[in-house]
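Structure file coords-v6.csv (CSV, C-alpha atoms) is printed below.
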chain,number,residue,atom,x,y,z
A,25,MET,CA,23.6,247.4,45.7
A,26,ARG,CA,21.3,246.9,48.6
A,27,ARG,CA,23.0,246.2,51.9
A,28,SER,CA,22.1,242.8,53.4
A,29,GLU,CA,20.7,244.4,56.6
A,30,PHE,CA,18.0,246.1,54.5
A,31,GLU,CA,16.2,243.0,53.3
A,32,VAL,CA,13.2,243.4,51.0
A,33,MET,CA,9.8,242.4,52.3
A,34,ASP,CA,7.9,240.0,50.1
A,35,ALA,CA,4.6,240.9,48.5
A,36,GLU,CA,2.4,239.5,51.2
A,37,GLU,CA,4.4,241.2,54.0
A,38,THR,CA,4.2,244.5,52.2
A,39,LYS,CA,0.4,244.2,51.7
A,40,GLN,CA,0.0,243.3,55.4
A,41,PHE,CA,2.1,246.2,56.4
A,42,LEU,CA,0.1,248.7,54.3
A,43,GLN,CA,-3.1,247.3,55.8
A,44,GLU,CA,-1.8,247.7,59.3
A,45,GLU,CA,-0.5,251.2,59.0
A,46,SER,CA,-2.8,254.2,58.6
A,47,TYR,CA,-0.4,257.2,58.2
A,48,GLY,CA,1.9,258.1,55.3
A,49,PHE,CA,3.5,260.9,53.3
A,50,LEU,CA,2.4,262.1,49.9
A,51,GLY,CA,5.0,263.6,47.6
A,52,THR,CA,3.8,266.0,45.0
A,53,VAL,CA,5.5,268.7,42.9
A,54,GLY,CA,4.7,272.3,43.7
A,55,GLU,CA,4.0,275.0,41.1
A,56,ASP,CA,7.5,276.4,41.7
A,57,GLY,CA,9.1,273.0,41.0
A,58,TRP,CA,9.9,272.2,44.6
A,59,PRO,CA,8.9,268.8,46.0
A,60,GLU,CA,6.2,269.0,48.6
A,61,LEU,CA,5.3,266.4,51.3
A,62,THR,CA,1.9,266.1,52.9
A,63,PRO,CA,1.3,263.8,55.9
A,64,LEU,CA,-2.1,262.1,55.8
A,65,ASN,CA,-4.2,259.1,56.6
A,66,PHE,CA,-4.6,256.5,53.9
A,67,VAL,CA,-6.0,253.1,53.2
A,68,TYR,CA,-4.7,250.4,50.9
A,69,HIS,CA,-7.8,249.1,49.1
A,70,GLU,CA,-8.1,247.0,46.0
A,71,GLY,CA,-4.5,247.3,45.1
A,72,CYS,CA,-4.4,251.1,45.3
A,73,ILE,CA,-3.7,253.8,47.9
A,74,TYR,CA,-6.7,256.1,48.8
A,75,PHE,CA,-6.9,259.2,50.8
A,76,HIS,CA,-9.6,261.8,51.3
A,77,GLY,CA,-10.0,265.4,52.3
A,78,SER,CA,-11.0,268.8,50.9
A,79,LYS,CA,-11.5,269.1,47.2
A,80,ILE,CA,-9.4,272.3,47.1
A,81,GLY,CA,-5.9,273.0,48.4
A,82,GLN,CA,-2.3,272.9,47.5
A,83,LYS,CA,-1.9,269.1,47.2
A,84,MET,CA,-5.0,268.9,45.0
A,85,ASN,CA,-3.7,271.7,42.8
A,86,ASN,CA,-0.3,270.0,42.5
A,87,MET,CA,-1.9,266.6,41.5
A,88,LYS,CA,-4.1,268.3,38.9
A,89,ARG,CA,-1.0,269.9,37.3
A,90,GLU,CA,1.2,266.8,37.7
A,91,ASP,CA,-0.4,263.4,38.4
A,92,ARG,CA,2.8,261.5,39.1
A,93,VAL,CA,3.3,261.2,42.8
A,94,THR,CA,5.2,259.3,45.5
A,95,PHE,CA,3.9,257.9,48.7
A,96,ALA,CA,5.9,256.6,51.7
A,97,VAL,CA,4.9,254.6,54.7
A,98,ALA,CA,7.3,253.8,57.5
A,99,LYS,CA,7.2,252.4,61.1
A,100,GLU,CA,10.1,252.6,63.5
A,101,TYR,CA,10.0,249.7,65.9
A,102,ALA,CA,13.0,250.3,68.1
A,103,ILE,CA,16.0,252.6,68.6
A,104,ILE,CA,19.0,250.5,69.3
A,105,PRO,CA,21.4,252.4,71.6
A,106,SER,CA,25.1,252.1,71.0
A,107,TYR,CA,25.7,250.8,74.5
A,108,PHE,CA,23.9,247.6,73.8
A,109,LEU,CA,27.0,246.6,71.8
A,110,ASP,CA,29.8,249.0,72.8
A,111,PRO,CA,30.4,250.8,76.1
A,112,LYS,CA,32.3,253.6,74.5
A,113,LEU,CA,31.7,254.2,70.8
A,114,ALA,CA,28.5,255.7,69.4
A,115,CYS,CA,28.9,253.9,66.0
A,116,PRO,CA,26.6,250.9,66.8
A,117,ALA,CA,23.5,253.1,67.4
A,118,THR,CA,20.8,252.4,64.9
A,119,ALA,CA,17.0,251.9,64.4
A,120,TYR,CA,14.9,248.9,63.3
A,121,PHE,CA,12.1,249.6,61.0
A,122,LYS,CA,9.8,248.7,58.1
A,123,SER,CA,9.2,251.0,55.1
A,124,VAL,CA,7.4,251.1,51.8
A,125,LEU,CA,8.0,253.6,48.9
A,126,ILE,CA,5.4,253.9,46.1
A,127,LYS,CA,5.4,255.6,42.8
A,128,GLY,CA,2.2,256.1,41.0
A,129,THR,CA,-0.4,258.3,39.3
A,130,ALA,CA,-3.0,260.2,41.3
A,131,GLU,CA,-6.6,260.6,40.1
A,132,ILE,CA,-9.6,262.2,41.7
A,133,VAL,CA,-12.4,259.7,42.3
A,134,GLU,CA,-15.6,261.1,40.9
A,135,HIS,CA,-18.0,258.1,40.9
A,136,ALA,CA,-20.1,258.1,44.1
A,137,ALA,CA,-20.0,254.3,44.5
A,138,ASP,CA,-16.2,254.2,44.2
A,139,LYS,CA,-15.9,257.0,46.8
A,140,ALA,CA,-18.3,255.1,49.1
A,141,SER,CA,-16.2,252.0,48.7
A,142,ALA,CA,-13.0,253.7,49.5
A,143,LEU,CA,-14.4,255.6,52.5
A,144,GLN,CA,-16.0,252.4,53.8
A,145,ALA,CA,-12.6,250.8,53.6
A,146,PHE,CA,-11.2,253.7,55.7
A,147,MET,CA,-13.9,253.1,58.4
A,148,SER,CA,-13.4,249.4,58.4
A,149,LYS,CA,-9.7,250.0,59.1
A,150,LEU,CA,-9.9,252.9,61.5
A,151,GLN,CA,-13.1,252.0,63.3
A,152,PRO,CA,-13.4,248.2,63.1
A,153,GLU,CA,-15.8,248.1,66.1
A,154,GLY,CA,-18.5,249.6,63.9
A,155,GLY,CA,-21.0,252.0,65.5
A,156,TYR,CA,-22.2,253.6,62.2
A,157,GLU,CA,-24.2,252.8,59.2
A,158,THR,CA,-22.3,251.3,56.3
A,159,ILE,CA,-21.3,254.0,53.8
A,160,ASP,CA,-23.4,253.4,50.7
A,161,ALA,CA,-23.8,255.7,47.7
A,162,ALA,CA,-27.5,254.7,47.6
A,163,ASP,CA,-28.1,256.0,51.1
A,164,PRO,CA,-29.5,259.5,50.9
A,165,ASP,CA,-28.1,260.4,54.3
A,166,TYR,CA,-24.6,260.0,52.8
A,167,ALA,CA,-25.3,261.6,49.4
A,168,LEU,CA,-24.2,265.2,50.4
A,169,GLN,CA,-21.2,264.1,52.3
A,170,LEU,CA,-20.0,261.9,49.4
A,171,LYS,CA,-20.4,264.8,47.0
A,172,ALA,CA,-18.5,267.2,49.2
A,173,THR,CA,-15.6,264.9,50.1
A,174,GLY,CA,-12.6,264.7,47.9
A,175,VAL,CA,-11.2,261.2,47.4
A,176,VAL,CA,-8.0,260.5,45.6
A,177,ARG,CA,-6.8,257.1,44.2
A,178,ILE,CA,-3.1,256.4,43.6
A,179,ARG,CA,-2.7,253.7,41.0
A,180,ILE,CA,0.6,252.1,41.9
A,181,SER,CA,3.2,251.7,39.1
A,182,GLU,CA,6.2,250.9,41.3
A,183,MET,CA,6.4,249.7,44.9
A,184,SER,CA,9.6,248.9,46.9
A,185,SER,CA,9.8,247.9,50.5
A,186,LYS,CA,12.5,247.1,53.0
A,187,TYR,CA,13.0,246.3,56.6
A,188,LYS,CA,15.9,246.3,59.1
A,189,PHE,CA,15.9,244.0,62.1
A,190,GLY,CA,19.5,243.1,62.5
A,191,GLN,CA,19.5,240.5,59.7
A,192,ASN,CA,23.3,240.8,59.4
A,193,LEU,CA,24.0,240.1,63.0
A,194,LYS,CA,25.9,237.1,64.3
A,195,GLU,CA,26.5,236.0,67.8
A,196,PRO,CA,27.2,237.4,70.3
A,197,ARG,CA,25.9,240.7,68.9
A,198,PHE,CA,22.5,239.3,68.1
A,199,THR,CA,22.0,238.1,71.8
A,200,GLN,CA,23.4,241.4,73.2
A,201,ILE,CA,20.7,243.4,71.3
A,202,THR,CA,17.8,241.0,72.1
A,203,ASP,CA,18.8,240.8,75.7
A,204,GLY,CA,19.0,244.6,75.8
A,205,LEU,CA,15.5,245.0,74.3
A,206,GLN,CA,14.0,242.4,76.7
A,207,GLN,CA,15.5,244.2,79.7
A,208,ARG,CA,14.5,247.6,78.5
A,209,GLY,CA,10.9,246.6,77.8
A,210,ASN,CA,9.6,249.5,75.8
A,211,GLU,CA,6.3,249.3,74.0
A,212,LEU,CA,7.5,247.6,70.8
A,213,ASP,CA,10.6,245.9,72.2
A,214,ALA,CA,9.1,242.5,72.6
A,215,GLU,CA,7.7,242.7,69.0
A,216,THR,CA,11.1,243.8,67.8
A,217,VAL,CA,12.8,240.8,69.4
A,218,ALA,CA,10.2,238.5,67.7
A,219,LEU,CA,10.9,240.1,64.3
A,220,MET,CA,14.6,239.8,64.8
A,221,LYS,CA,14.3,236.1,65.5
A,222,ALA,CA,12.0,235.6,62.5
A,223,TYR,CA,14.2,237.5,60.0
A,224,CYS,CA,17.8,236.9,61.1
A,225,PRO,CA,19.1,234.0,59.0
A,226,HIS,CA,21.9,233.2,61.5
A,227,HIS,CA,19.4,232.8,64.3
A,228,LYS,CA,17.1,230.7,62.2
A,229,ASN,CA,19.9,228.4,61.2
A,230,GLN,CA,20.8,227.9,64.8
A,231,GLN,CA,17.2,227.0,65.6
A,232,GLU,CA,16.9,224.4,62.9
Rewrite the coordinates I just gave you, this time as structure tokens.
Amino acid sequence: MRRSEFEVMDAEETKQFLQEESYGFLGTVGEDGWPELTPLNFVYHEGCIYFHGSKIGQKMNNMKREDRVTFAVAKEYAIIPSYFLDPKLACPATAYFKSVLIKGTAEIVEHAADKASALQAFMSKLQPEGGYETIDAADPDYALQLKATGVVRIRISEMSSKYKFGQNLKEPRFTQITDGLQQRGNELDAETVALMKAYCPHHKNQQE
């Protein structure tokens, strides 16, 4: 049974999270039967996960032998130190995060137009300011690069997501943590406070 503090993101939140993040972990099965993890950049495009790289290598060999893969994306927003809630015990220390776990089948993209579409999606995500010619399979300047680049599509069969932002907290613990984050002022602390206020049912009930 899922703990209430690990609430599941809805489909739109999950899609937005995958569009925002650019780094994940690919899980394949090695020739010796051991699971292998590969960190890589990705793009969520047309309902699938895409990544690119060399046409040869361990992960490519693994996927050719066994096309069932997993893919995970996670973002840690804030470490919550124990002393926000207790001056002595370490037990309250935790972390607030979002995560997505995907199961699917991997396939090598062969069609030049499909490769161009996926790689253009990468550029739109990672270089939104432009500064390059659109990747087009019909452009002869891109022909050799498209041919040489390996592109893999993961067709998603299962996708689960969860987030933790203190949804189980009641007063005064909720305010102790939000006050601690506001005073600390790390890079994502203000965003974490906003997400806590958006997701915590006890806080929302008090605001209504």
#### Entry: Coordinates-based distance that separates CA of Gly209 (chain A) from CA of Leu109 (chain A) (Å, one decimal)
17.2 Å
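For the atom pair formed by CA of Val175 (chain A) and CA of Ser123 (chain A), the distance is 24.1 Å, given to one decimal.
For the choices A:Asn86, A:Thr38, A:Thr52, A:Thr202, the atom-to-atom distance to Lys127 (chain A) is smallest for A:Thr52 when using all atoms listed in the file.
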### Message
Can you pull out the residues contacting Ala214 (chain A)? Cut-off 10 Å, using only C-alpha atoms, and skip same-chain residues under 5 positions away; I want them as a list in words.
### Response
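Counting only the stated atoms, we get Tyr101, Ala102, Thr202, Leu205, Gln206, Gln207, Arg208, Gly209, Leu219 and Met220 of chain A.
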## Note on the structure
Counting all atoms listed in the file, the residue among A:Cys115, A:Met33, A:Val67, A:Ala145 that lies closest to Gly48 (chain A) is A:Val67
### Task
For each of A:Lys221, A:Arg92, A:His135, A:Lys149, take the minimum atom-to-atom distance to Leu170 (chain A), counting all atoms listed in the file, then give the residue where this is smallest.
A:His135
### Message
For a quick check of understanding, using all atoms listed in the file, which of A:Glu153, A:Glu44, A:Glu182, A:Glu131 has the smallest distance to Asn65 (chain A)?
### Response
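Counting all atoms listed in the file, the residue closest to Asn65 (chain A) is A:Glu44.
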Quick one: residues within 12 Å of Pro116 (chain A), only C-alpha atoms, excluding same-chain residues fewer than 3 positions away - as a PDB file with C-alpha atoms, in the coordinates of the input?
ATOM      1  CA  ILE A 103      16.000 252.600  68.600  1.00  0.00           C
ATOM      2  CA  ILE A 104      19.000 250.500  69.300  1.00  0.00           C
ATOM      3  CA  PRO A 105      21.400 252.400  71.600  1.00  0.00           C
ATOM      4  CA  SER A 106      25.100 252.100  71.000  1.00  0.00           C
ATOM      5  CA  TYR A 107      25.700 250.800  74.500  1.00  0.00           C
ATOM      6  CA  PHE A 108      23.900 247.600  73.800  1.00  0.00           C
ATOM      7  CA  LEU A 109      27.000 246.600  71.800  1.00  0.00           C
ATOM      8  CA  ASP A 110      29.800 249.000  72.800  1.00  0.00           C
ATOM      9  CA  PRO A 111      30.400 250.800  76.100  1.00  0.00           C
ATOM     10  CA  LYS A 112      32.300 253.600  74.500  1.00  0.00           C
ATOM     11  CA  LEU A 113      31.700 254.200  70.800  1.00  0.00           C
ATOM     12  CA  ALA A 119      17.000 251.900  64.400  1.00  0.00           C
ATOM     13  CA  GLY A 190      19.500 243.100  62.500  1.00  0.00           C
ATOM     14  CA  LEU A 193      24.000 240.100  63.000  1.00  0.00           C
ATOM     15  CA  ARG A 197      25.900 240.700  68.900  1.00  0.00           C
ATOM     16  CA  GLN A 200      23.400 241.400  73.200  1.00  0.00           C
ATOM     17  CA  ILE A 201      20.700 243.400  71.300  1.00  0.00           C
TER      18      ILE A 201
END
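Of the residues listed (A:Gly174, A:Pro196, A:Gly154, A:Pro59), A:Gly174 shows the shortest atom-to-atom separation from Ala140 (chain A); distances use only C-alpha atoms.
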### Query
Please, what distance in Å, to one decimal, runs between CA of Asp160 (chain A) and CA of Asn85 (chain A)?
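Those two atoms sit 28.0 Å apart.
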### Task
Do a neighbour search on Pro63 (chain A) at 9 Å with all atoms listed in the file, toss out local chain neighbours closer than 4 positions, and write the hits as JSON, numbers by chain.
{"A": [47, 48, 49, 50]}
